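Novice: Shown below is the structure under consideration.
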Amino acid sequence: MSRTTLSRLALALALFSTAGCYHAVVDTGRPADTKVVDKPWVSTFVFGLVPAQVINVAAECPRGIAKVETQQTFVNGLVGVVTLGIYTPQSARITCAAARTAAADTSPMVTAADSSLDARRAAVNAAAEQAAATQSAVLVRF
């Protein structure tokens with residue numbers, strides 16, 4: 001094999017090993033439970049243009065979802081290359097949410113003193129400032 005052919009082969013191998021692999025995480029902000037649902041072969045087709053079916057984990061995660069991680073592993077990518085991109089699987093890892101504590105279920109609240117427009121505006125402004133300061137939701141009651 002010539003040196004040029006060997007260089008091209010090395011470049012193609014480097015591109016192949018890095019192309020298509022990714023890892024995405026969606027964190028809902030809810031506290032995580034120890035229950036994790038792994039789906040190593042989530043089917044997508046035509047280079048992912050035909051999306052996967054919805055993954056229903058309501059039975060496994062009755063309190064909701066804390067985090068969803070999707071990725072295309074090396075093996076998933078290899079299957080995609082072998083099938084010429086027709087079948088392009090991904091893997092998904094869903095972390096269930098833990099039960100919220102009573103303290104977590106009570107949001108801070110701002111109450112308008114009366115029902116005038118100015119009082120409502122002041123309450124909404126106070127709630128926005130409090131939400132920005134605490135980085136959490138604030139309930140406004142009229």
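Chain labels run A, B, ... following the order of the structure tokens; each chain numbers its residues from 1, and ligands are numbered from 1 in the order shown.
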Could you write out, as a ChimeraX atom specification, all the residues of chain A that DSSP marks as strand (DSSP E)?

Specialist: /A:22-27,32-42,65-72,90-97,109-111,139-141

Novice: Skip Gly48 (chain A) itself and residues of its chain fewer than 5 positions away, then list as a VMD selection string all residues within 12 Å of it, counting only C-alpha atoms.

Specialist: chain A and resid 20 42 to 43 53 71 to 72 76 to 77 80 85 to 90

Novice: Using only C-alpha atoms, find the one residue out of A:Lys35, A:Leu49, A:Leu117, A:Ser7 that sits nearest to Ala97 (chain A).

Specialist: A:Lys35

Novice: Using only C-alpha atoms, which protein or nucleic acid residues come within 12 Å of Ala24 (chain A)? Drop anything in the same chain fewer than 3 positions from it, and give the result as number ranges by chain.

Specialist: A: 21, 27, 67-73, 90-94

Novice: If you run DSSP over the backbone, which residues in region 2-137 of chain A end up alpha helix (DSSP H)? Put them as a VMD selection string.

Specialist: chain A and resid 3 to 18 74 to 82 102 to 105 117 to 134

Novice: Write out, as a CSV table (one decimal), in the first residue's frame, the residues just selected, with N, CA and C atoms.

Specialist:
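Final output, saved to result27.csv:
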chain,number,residue,atom,x,y,z
A,3,ARG,N,1.9,5.2,0.5
A,3,ARG,CA,1.7,6.1,1.7
A,3,ARG,C,0.5,7.0,1.5
A,4,THR,N,0.1,7.4,0.3
A,4,THR,CA,-1.1,8.2,0.0
A,4,THR,C,-2.3,7.4,0.3
A,5,THR,N,-2.4,6.2,-0.1
A,5,THR,CA,-3.5,5.3,0.2
A,5,THR,C,-3.7,5.1,1.7
A,6,LEU,N,-2.6,4.9,2.3
A,6,LEU,CA,-2.6,4.7,3.8
A,6,LEU,C,-3.1,5.9,4.5
A,7,SER,N,-2.7,7.1,4.1
A,7,SER,CA,-3.1,8.4,4.7
A,7,SER,C,-4.6,8.5,4.5
A,8,ARG,N,-5.1,8.3,3.3
A,8,ARG,CA,-6.5,8.4,3.0
A,8,ARG,C,-7.4,7.4,3.8
A,9,LEU,N,-6.9,6.2,3.9
A,9,LEU,CA,-7.5,5.2,4.8
A,9,LEU,C,-7.6,5.6,6.2
A,10,ALA,N,-6.5,6.2,6.7
A,10,ALA,CA,-6.5,6.7,8.1
A,10,ALA,C,-7.5,7.9,8.3
A,11,LEU,N,-7.5,8.8,7.3
A,11,LEU,CA,-8.5,9.9,7.4
A,11,LEU,C,-9.9,9.4,7.3
A,12,ALA,N,-10.2,8.5,6.4
A,12,ALA,CA,-11.6,7.9,6.3
A,12,ALA,C,-11.9,7.2,7.6
A,13,LEU,N,-11.0,6.5,8.2
A,13,LEU,CA,-11.3,5.8,9.5
A,13,LEU,C,-11.6,6.8,10.6
A,14,ALA,N,-10.8,7.9,10.7
A,14,ALA,CA,-11.0,9.0,11.7
A,14,ALA,C,-12.3,9.6,11.5
A,15,LEU,N,-12.7,9.9,10.2
A,15,LEU,CA,-14.0,10.6,10.0
A,15,LEU,C,-15.1,9.6,10.3
A,16,PHE,N,-15.0,8.3,10.0
A,16,PHE,CA,-16.0,7.4,10.3
A,16,PHE,C,-16.2,7.2,11.8
A,17,SER,N,-15.1,7.2,12.5
A,17,SER,CA,-15.2,7.0,14.0
A,17,SER,C,-15.9,8.1,14.7
A,18,THR,N,-15.8,9.4,14.2
A,18,THR,CA,-16.3,10.5,14.8
A,18,THR,C,-17.7,11.0,14.3
A,74,PHE,N,-21.4,4.1,19.2
A,74,PHE,CA,-20.5,3.7,18.1
A,74,PHE,C,-21.2,2.5,17.4
A,75,VAL,N,-21.8,1.6,18.2
A,75,VAL,CA,-22.5,0.4,17.6
A,75,VAL,C,-23.7,0.8,16.9
A,76,ASN,N,-24.5,1.8,17.4
A,76,ASN,CA,-25.6,2.3,16.7
A,76,ASN,C,-25.2,2.9,15.3
A,77,GLY,N,-24.1,3.7,15.4
A,77,GLY,CA,-23.6,4.3,14.1
A,77,GLY,C,-23.1,3.3,13.1
A,78,LEU,N,-22.5,2.2,13.7
A,78,LEU,CA,-22.0,1.1,12.8
A,78,LEU,C,-23.2,0.4,12.1
A,79,VAL,N,-24.3,0.2,12.8
A,79,VAL,CA,-25.5,-0.4,12.2
A,79,VAL,C,-26.0,0.5,11.1
A,80,GLY,N,-26.0,1.8,11.4
A,80,GLY,CA,-26.5,2.8,10.4
A,80,GLY,C,-25.6,2.8,9.1
A,81,VAL,N,-24.3,2.6,9.3
A,81,VAL,CA,-23.4,2.5,8.1
A,81,VAL,C,-23.6,1.2,7.4
A,82,VAL,N,-23.8,0.1,8.1
A,82,VAL,CA,-24.0,-1.2,7.4
A,82,VAL,C,-25.3,-1.2,6.6
A,102,ALA,N,-43.1,17.9,50.5
A,102,ALA,CA,-44.1,18.9,50.7
A,102,ALA,C,-43.6,20.3,50.5
A,103,ALA,N,-42.3,20.6,50.8
A,103,ALA,CA,-41.7,21.9,50.7
A,103,ALA,C,-41.6,22.2,49.2
A,104,ALA,N,-41.3,21.2,48.4
A,104,ALA,CA,-41.0,21.5,46.9
A,104,ALA,C,-42.4,21.7,46.2
A,105,ASP,N,-43.5,21.2,46.7
A,105,ASP,CA,-44.8,21.4,46.1
A,105,ASP,C,-45.4,22.7,46.4
A,117,LEU,N,-56.2,47.3,38.7
A,117,LEU,CA,-55.3,47.0,37.7
A,117,LEU,C,-53.8,47.3,38.2
A,118,ASP,N,-53.7,48.4,38.9
A,118,ASP,CA,-52.3,48.7,39.4
A,118,ASP,C,-51.9,47.7,40.4
A,119,ALA,N,-52.8,47.2,41.3
A,119,ALA,CA,-52.4,46.1,42.2
A,119,ALA,C,-52.0,44.9,41.5
A,120,ARG,N,-52.7,44.5,40.5
A,120,ARG,CA,-52.4,43.3,39.7
A,120,ARG,C,-51.0,43.5,39.0
A,121,ARG,N,-50.8,44.6,38.4
A,121,ARG,CA,-49.5,44.9,37.8
A,121,ARG,C,-48.4,44.8,38.8
A,122,ALA,N,-48.6,45.4,40.0
A,122,ALA,CA,-47.5,45.3,41.0
A,122,ALA,C,-47.3,43.9,41.4
A,123,ALA,N,-48.3,43.1,41.6
A,123,ALA,CA,-48.2,41.7,42.0
A,123,ALA,C,-47.4,40.9,40.9
A,124,VAL,N,-47.7,41.1,39.6
A,124,VAL,CA,-47.0,40.4,38.6
A,124,VAL,C,-45.6,40.8,38.5
A,125,ASN,N,-45.3,42.1,38.7
A,125,ASN,CA,-43.9,42.6,38.7
A,125,ASN,C,-43.1,42.0,39.9
A,126,ALA,N,-43.8,42.0,41.0
A,126,ALA,CA,-43.1,41.4,42.2
A,126,ALA,C,-42.8,39.9,42.0
A,127,ALA,N,-43.8,39.2,41.4
A,127,ALA,CA,-43.6,37.8,41.2
A,127,ALA,C,-42.5,37.5,40.2
A,128,ALA,N,-42.4,38.4,39.1
A,128,ALA,CA,-41.3,38.2,38.1
A,128,ALA,C,-39.9,38.5,38.8
A,129,GLU,N,-39.8,39.5,39.6
A,129,GLU,CA,-38.6,39.8,40.3
A,129,GLU,C,-38.2,38.6,41.3
A,130,GLN,N,-39.2,38.1,42.0
A,130,GLN,CA,-38.9,37.0,42.9
A,130,GLN,C,-38.5,35.7,42.1
A,131,ALA,N,-39.2,35.4,41.0
A,131,ALA,CA,-38.8,34.3,40.2
A,131,ALA,C,-37.4,34.4,39.6
A,132,ALA,N,-37.0,35.6,39.2
A,132,ALA,CA,-35.7,35.8,38.7
A,132,ALA,C,-34.7,35.6,39.8
A,133,ALA,N,-35.0,36.1,41.0
A,133,ALA,CA,-34.0,36.0,42.1
A,133,ALA,C,-33.9,34.6,42.6
A,134,THR,N,-35.0,33.8,42.7
A,134,THR,CA,-34.9,32.5,43.2
A,134,THR,C,-34.8,31.4,42.2
